[in-house]
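Data block for structure37.cif (mmCIF, C-alpha atoms):
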data_final
loop_
_atom_site.label_atom_id
_atom_site.label_comp_id
_atom_site.auth_asym_id
_atom_site.auth_seq_id
_atom_site.Cartn_x
_atom_site.Cartn_y
_atom_site.Cartn_z
CA MET A 1 10.56 10.00 36.58
CA THR A 2 7.36 8.17 35.70
CA GLU A 3 3.89 9.67 35.88
CA GLY A 4 0.81 7.68 36.87
CA ASN A 5 0.03 6.97 33.19
CA GLY A 6 3.47 5.44 32.66
CA THR A 7 4.88 8.39 30.72
CA VAL A 8 8.57 9.00 31.34
CA THR A 9 9.11 12.70 31.70
CA ASN A 10 12.93 12.84 32.03
CA GLY A 11 12.47 15.02 35.09
CA ALA A 12 10.32 17.62 33.32
CA PRO A 13 6.72 17.76 34.56
CA ASN A 14 4.17 17.31 31.76
CA GLN A 15 6.82 17.08 29.05
CA LYS A 16 5.20 16.59 25.64
CA SER A 17 6.28 13.76 23.36
CA MET A 18 6.11 13.04 19.65
CA THR A 19 6.86 10.11 17.37
CA ILE A 20 7.51 10.18 13.64
CA ILE A 21 7.42 7.17 11.32
CA VAL A 22 9.94 7.83 8.53
CA THR A 23 9.13 5.79 5.40
CA LYS A 24 10.74 7.66 2.53
CA GLY A 25 14.43 8.20 1.81
CA THR A 26 14.65 10.59 -1.12
CA LEU A 27 16.26 14.00 -0.71
CA ASP A 28 12.94 15.86 -0.76
CA TRP A 29 11.19 13.43 1.62
CA ALA A 30 14.11 13.41 4.08
CA TYR A 31 13.59 17.03 5.09
CA PRO A 32 10.13 16.99 6.72
CA PRO A 33 10.81 14.37 9.42
CA PHE A 34 14.20 15.82 10.37
CA ILE A 35 12.93 19.41 10.44
CA LEU A 36 9.94 18.39 12.55
CA ALA A 37 12.10 16.29 14.90
CA THR A 38 14.78 18.94 15.45
CA THR A 39 12.18 21.69 15.89
CA ALA A 40 10.20 19.61 18.38
CA ALA A 41 13.36 18.73 20.32
CA ALA A 42 14.33 22.43 20.41
CA MET A 43 10.89 23.12 21.90
CA GLY A 44 11.53 20.57 24.65
CA VAL A 45 9.42 17.80 23.11
CA ASN A 46 10.69 14.26 23.75
CA THR A 47 10.99 13.01 20.14
CA THR A 48 11.32 9.51 18.66
CA MET A 49 11.84 8.73 14.97
CA PHE A 50 11.14 5.23 13.62
CA PHE A 51 12.90 4.52 10.30
CA THR A 52 11.32 1.76 8.24
CA PHE A 53 11.37 0.53 4.64
CA TYR A 54 12.63 3.25 2.29
CA GLY A 55 13.23 5.67 5.16
CA LEU A 56 15.79 3.35 6.74
CA PRO A 57 18.70 4.41 4.45
CA LEU A 58 18.53 7.86 6.09
CA LEU A 59 20.40 6.21 8.97
CA LEU A 60 23.25 4.96 6.78
CA LYS A 61 26.67 6.41 7.61
CA LYS A 62 27.12 7.58 4.03
CA LEU A 63 24.07 9.25 2.53
CA ASP A 64 23.55 9.27 -1.23
CA LEU A 65 20.22 11.07 -1.48
CA LYS A 66 18.52 11.61 -4.79
CA ILE A 67 15.27 13.11 -5.98
CA SER A 68 12.85 11.89 -8.63
CA PRO A 69 10.35 14.13 -10.36
CA LEU A 70 8.40 11.03 -11.49
CA GLY A 71 4.91 11.03 -10.03
CA ASN A 72 5.45 14.34 -8.25
CA PRO A 73 3.24 16.90 -10.01
CA ALA A 74 3.79 19.42 -7.23
CA MET A 75 7.50 19.55 -7.97
CA LYS A 76 7.89 22.92 -9.63
CA MET A 77 11.46 24.14 -9.85
CA PRO A 78 12.42 27.81 -10.16
CA MET A 79 13.79 28.17 -13.69
CA MET A 80 14.04 31.12 -16.07
CA GLY A 81 12.30 33.46 -13.64
CA MET A 82 9.26 31.26 -13.03
CA HIS A 83 8.28 27.94 -11.46
CA MET A 84 8.14 25.18 -14.04
CA ALA A 85 6.56 21.78 -13.55
CA MET A 86 8.04 18.70 -15.16
CA PRO A 87 5.66 16.37 -16.99
CA ASN A 88 5.96 12.72 -15.88
CA TRP A 89 7.25 11.58 -19.28
CA VAL A 90 10.33 13.81 -18.84
CA ALA A 91 11.42 11.67 -15.87
CA THR A 92 11.84 8.69 -18.21
CA ILE A 93 14.69 10.44 -20.05
CA PRO A 94 18.11 9.21 -18.84
CA GLY A 95 19.85 11.72 -16.60
CA VAL A 96 16.75 13.65 -15.53
CA ASP A 97 16.83 12.28 -11.97
CA SER A 98 20.48 13.24 -11.52
CA GLY A 99 19.78 16.65 -13.07
CA ALA A 100 16.83 17.25 -10.72
CA THR A 101 18.95 16.08 -7.77
CA GLY A 102 21.76 18.46 -8.73
CA MET A 103 19.34 21.37 -9.11
CA MET A 104 17.77 20.67 -5.72
CA LYS A 105 21.15 20.32 -3.97
CA ASP A 106 22.35 23.58 -5.57
CA MET A 107 19.17 25.36 -4.47
CA ILE A 108 19.51 23.99 -0.91
CA LYS A 109 23.11 25.19 -0.72
CA LYS A 110 22.38 28.59 -2.32
CA LYS A 111 19.51 29.24 0.11
CA GLY A 112 21.59 28.22 3.14
CA VAL A 113 19.34 25.30 4.12
CA ALA A 114 20.97 22.73 6.37
CA SER A 115 21.89 19.44 4.70
CA ILE A 116 20.29 16.18 5.81
CA ASP A 117 23.65 15.19 7.35
CA GLU A 118 23.59 18.39 9.40
CA LEU A 119 19.94 17.95 10.43
CA ARG A 120 20.60 14.34 11.41
CA ASP A 121 23.58 15.43 13.55
CA MET A 122 21.44 18.17 15.14
CA ALA A 123 18.75 15.58 15.94
CA LEU A 124 21.30 13.32 17.63
CA GLU A 125 22.74 16.26 19.61
CA ALA A 126 19.19 17.16 20.71
CA GLU A 127 18.73 13.58 21.95
CA VAL A 128 16.09 12.65 19.40
CA LYS A 129 15.69 8.89 19.71
CA MET A 130 16.22 7.19 16.32
CA ILE A 131 15.00 3.63 15.94
CA ALA A 132 16.00 1.53 12.92
CA CYS A 133 13.37 -1.09 12.07
CA GLN A 134 14.97 -4.48 12.67
CA MET A 135 12.69 -6.24 10.16
CA THR A 136 13.65 -3.74 7.45
CA MET A 137 17.33 -4.12 8.34
CA ASP A 138 16.97 -7.87 7.81
CA LEU A 139 14.85 -7.49 4.67
CA PHE A 140 17.29 -5.16 2.92
CA GLU A 141 20.35 -6.91 4.39
CA TYR A 142 21.79 -3.92 6.26
CA LYS A 143 24.12 -4.43 9.20
CA LYS A 144 24.24 -2.32 12.34
CA GLU A 145 27.78 -1.24 11.42
CA ASP A 146 26.36 0.30 8.19
CA MET A 147 24.35 2.73 10.32
CA ILE A 148 25.25 5.89 12.21
CA GLU A 149 26.24 5.87 15.86
CA GLY A 150 23.44 6.77 18.22
CA MET A 151 20.57 4.90 16.62
CA THR A 152 18.92 1.89 18.22
CA LEU A 153 17.38 -1.24 16.73
CA GLY A 154 13.74 -2.09 17.32
CA GLY A 155 10.57 -3.29 15.73
CA ALA A 156 6.96 -2.26 15.54
CA ALA A 157 6.45 -3.04 19.22
CA THR A 158 9.35 -0.74 20.15
CA TYR A 159 7.79 2.07 18.12
CA LEU A 160 4.29 1.44 19.45
CA GLU A 161 5.54 1.50 23.03
CA GLN A 162 6.57 5.12 22.41
CA ALA A 163 3.60 6.03 20.21
CA LEU A 164 0.98 4.87 22.69
CA LYS A 165 2.20 7.35 25.27
CA SER A 166 2.96 10.22 22.87
CA ASP A 167 0.97 13.40 22.43
CA VAL A 168 1.66 13.57 18.69
CA ASN A 169 2.25 10.72 16.18
CA LEU A 170 3.19 11.53 12.60
CA PHE A 171 3.59 9.34 9.50
CA VAL A 172 5.92 10.89 6.92
#

Structure encoded using structure tokens:
Amino acid sequence: MTEGNGTVTNGAPNQKSMTIIVTKGTLDWAYPPFILATTAAAMGVNTTMFFTFYGLPLLLKKLDLKISPLGNPAMKMPMMGMHMAMPNWVATIPGVDSGATGMMKDMIKKKGVASIDELRDMALEAEVKMIACQMTMDLFEYKKEDMIEGMTLGGAATYLEQALKSDVNLFV
């Protein structure tokens, strides 16, 4: 069904819509767009995610997400009964990234937080539209067969077509 303004409502009158540009692909930056998308979809919001540049690998079939404490002064990890920040120079020590990644993954599991794989599957089940940026695919030499089932290819114009008629547009 199409309203007078061109908005497709999928049969629901006045259905809200949201787009999210996903630009980062580290473990910590993968959570916000997927949590927002799955929550919005659960609330009946027609949701589109556009994966570009470093966010594009979140659509790979096999995820290998890591975290880096470098340049992230807000990253305080619970250790020894308190929250400790890591100075930037510590991130230059070999093995710190993998140690921080392991700590974060352990904390996610211990707290019962859904994995990115699970959130991504939930988004697909909730019919969140996932668009892989064609230019980024070409730039980083990914092939469509490297990506999960259910995503579509598109460019900036494809994203903007959705964004221009959306109620909410987010850049994460």

Near region 61-69 of chain A, 12 Å: region 83-123 of chain A residue rows, closest pairs, only C-alpha atoms, as CSV:
residue,atom,partner,partner_atom,distance
A:Met84,CA,A:Pro69,CA,11.9
A:Ala85,CA,A:Pro69,CA,9.1
A:Met86,CA,A:Pro69,CA,7.0
A:Pro87,CA,A:Pro69,CA,8.4
A:Asn88,CA,A:Pro69,CA,7.2
A:Trp89,CA,A:Pro69,CA,9.8
A:Val90,CA,A:Pro69,CA,8.5
A:Ala91,CA,A:Pro69,CA,6.1
A:Thr92,CA,A:Pro69,CA,9.7
A:Ile93,CA,A:Pro69,CA,11.2
A:Pro94,CA,A:Ser68,CA,11.8
A:Gly95,CA,A:Ser68,CA,10.6
A:Val96,CA,A:Ser68,CA,8.1
A:Asp97,CA,A:Ser68,CA,5.2
A:Ser98,CA,A:Lys66,CA,7.2
A:Gly99,CA,A:Ile67,CA,9.1
A:Ala100,CA,A:Ile67,CA,6.5
A:Thr101,CA,A:Ile67,CA,5.1
A:Gly102,CA,A:Lys66,CA,8.5
A:Met103,CA,A:Ile67,CA,9.7
A:Met104,CA,A:Ile67,CA,8.0
A:Lys105,CA,A:Lys66,CA,9.1
A:Ser115,CA,A:Leu65,CA,10.5
A:Ile116,CA,A:Leu63,CA,8.5
A:Asp117,CA,A:Leu63,CA,7.7
A:Glu118,CA,A:Leu63,CA,11.4
A:Arg120,CA,A:Lys61,CA,10.7
A:Asp121,CA,A:Lys61,CA,11.2

Identify the residues within 6 Å of coordinate (20.3, 4.1, 16.3) (same frame as the file), considering all atoms listed in the file, and give the answer as a PDB file with C-alpha atoms, in the frame of the given file.
ATOM      1  CA  MET A 130      16.220   7.190  16.320  1.00  0.00           C
ATOM      2  CA  ILE A 131      15.000   3.630  15.940  1.00  0.00           C
ATOM      3  CA  GLY A 150      23.440   6.770  18.220  1.00  0.00           C
ATOM      4  CA  MET A 151      20.570   4.900  16.620  1.00  0.00           C
ATOM      5  CA  THR A 152      18.920   1.890  18.220  1.00  0.00           C
TER       6      THR A 152
END

Fewer than 4 positions away in the same chain doesn't count, so skip those; otherwise give me all residues within 12 Å of Pro32 (chain A), counting all atoms listed in the file, as JSON, numbers by chain.
-> {"A": [20, 21, 22, 23, 24, 25, 26, 27, 28, 36, 37, 38, 39, 40, 49, 55, 116, 119, 120, 170, 171, 172]}

Store the residues picked out above, limited to C-alpha atoms, as a PDB file, in the frame of the given file.
ATOM      1  CA  ILE A  20       7.510  10.180  13.640  1.00  0.00           C
ATOM      2  CA  ILE A  21       7.420   7.170  11.320  1.00  0.00           C
ATOM      3  CA  VAL A  22       9.940   7.830   8.530  1.00  0.00           C
ATOM      4  CA  THR A  23       9.130   5.790   5.400  1.00  0.00           C
ATOM      5  CA  LYS A  24      10.740   7.660   2.530  1.00  0.00           C
ATOM      6  CA  GLY A  25      14.430   8.200   1.810  1.00  0.00           C
ATOM      7  CA  THR A  26      14.650  10.590  -1.120  1.00  0.00           C
ATOM      8  CA  LEU A  27      16.260  14.000  -0.710  1.00  0.00           C
ATOM      9  CA  ASP A  28      12.940  15.860  -0.760  1.00  0.00           C
ATOM     10  CA  LEU A  36       9.940  18.390  12.550  1.00  0.00           C
ATOM     11  CA  ALA A  37      12.100  16.290  14.900  1.00  0.00           C
ATOM     12  CA  THR A  38      14.780  18.940  15.450  1.00  0.00           C
ATOM     13  CA  THR A  39      12.180  21.690  15.890  1.00  0.00           C
ATOM     14  CA  ALA A  40      10.200  19.610  18.380  1.00  0.00           C
ATOM     15  CA  MET A  49      11.840   8.730  14.970  1.00  0.00           C
ATOM     16  CA  GLY A  55      13.230   5.670   5.160  1.00  0.00           C
ATOM     17  CA  ILE A 116      20.290  16.180   5.810  1.00  0.00           C
ATOM     18  CA  LEU A 119      19.940  17.950  10.430  1.00  0.00           C
ATOM     19  CA  ARG A 120      20.600  14.340  11.410  1.00  0.00           C
ATOM     20  CA  LEU A 170       3.190  11.530  12.600  1.00  0.00           C
ATOM     21  CA  PHE A 171       3.590   9.340   9.500  1.00  0.00           C
ATOM     22  CA  VAL A 172       5.920  10.890   6.920  1.00  0.00           C
TER      23      VAL A 172
END

Residue IDs satisfying the PyMOL selection byres ((chain A and resi 43) around 12), as a compact mmCIF listing (two decimals) with C-alpha atoms, keeping the file's coordinate frame:
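Saved file result-v5.txt follows:
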# COMPACT_ATOMS: atom_id res chain seq x y z
CA GLN A 15 6.82 17.08 29.05
CA LYS A 16 5.20 16.59 25.64
CA SER A 17 6.28 13.76 23.36
CA MET A 18 6.11 13.04 19.65
CA LEU A 36 9.94 18.39 12.55
CA ALA A 37 12.10 16.29 14.90
CA THR A 38 14.78 18.94 15.45
CA THR A 39 12.18 21.69 15.89
CA ALA A 40 10.20 19.61 18.38
CA ALA A 41 13.36 18.73 20.32
CA ALA A 42 14.33 22.43 20.41
CA GLY A 44 11.53 20.57 24.65
CA VAL A 45 9.42 17.80 23.11
CA ASN A 46 10.69 14.26 23.75
CA THR A 47 10.99 13.01 20.14
CA ALA A 126 19.19 17.16 20.71
CA VAL A 128 16.09 12.65 19.40

Report the centre and edge lengths, in Å to one decimal, of an axis-aligned box enclosing every atom of region 139-143 of chain A listed in the file, padded by 6 Å on each side, as AutoDock Vina command-line options.
--center_x 19.5 --center_y -5.7 --center_z 6.1 --size_x 21.3 --size_y 15.6 --size_z 18.3

Between A:Phe53, A:Ala123, A:Met82, A:Asp167, which has the minimum distance to Tyr142 (chain A) (counting all atoms listed in the file)?
-> A:Phe53

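If you measure from each of A:Leu59, A:Leu139, A:Asn14, A:Cys133 to Leu160 (chain A) using all atoms listed in the file, the closest one turns out to be A:Cys133.
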
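Picture a line from CA of Lys144 (chain A) to CA of Ile35 (chain A); it runs 24.6 Å.
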
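Shortest separation to Gln162 (chain A) among A:Glu145, A:Lys109, A:Tyr31, A:Thr48 occurs at residue A:Thr48, atoms counted being only C-alpha atoms.
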
At what distance in Å, to one decimal, does CA of Met122 (chain A) lie from CA of Glu149 (chain A)?
-> 13.2 Å

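Pairwise distance (CA of Lys129 (chain A), CA of Pro57 (chain A)) equals 16.2 Å.
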
Nearest to Asp106 (chain A), restricted to only C-alpha atoms and choosing among A:Tyr159, A:Pro33, A:Lys165, A:Pro78, comes out as A:Pro78

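The smallest atom-to-atom distance between Gln134 (chain A) and any of A:Lys111, A:Thr158, A:Phe34, A:Tyr54, using all atoms listed in the file, is found for A:Thr158.
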
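Each of A:Met80, A:Ala114, A:Met107, A:Ile148 was checked against Ala30 (chain A) using all atoms listed in the file; the smallest atom-to-atom distance is that of A:Ala114.
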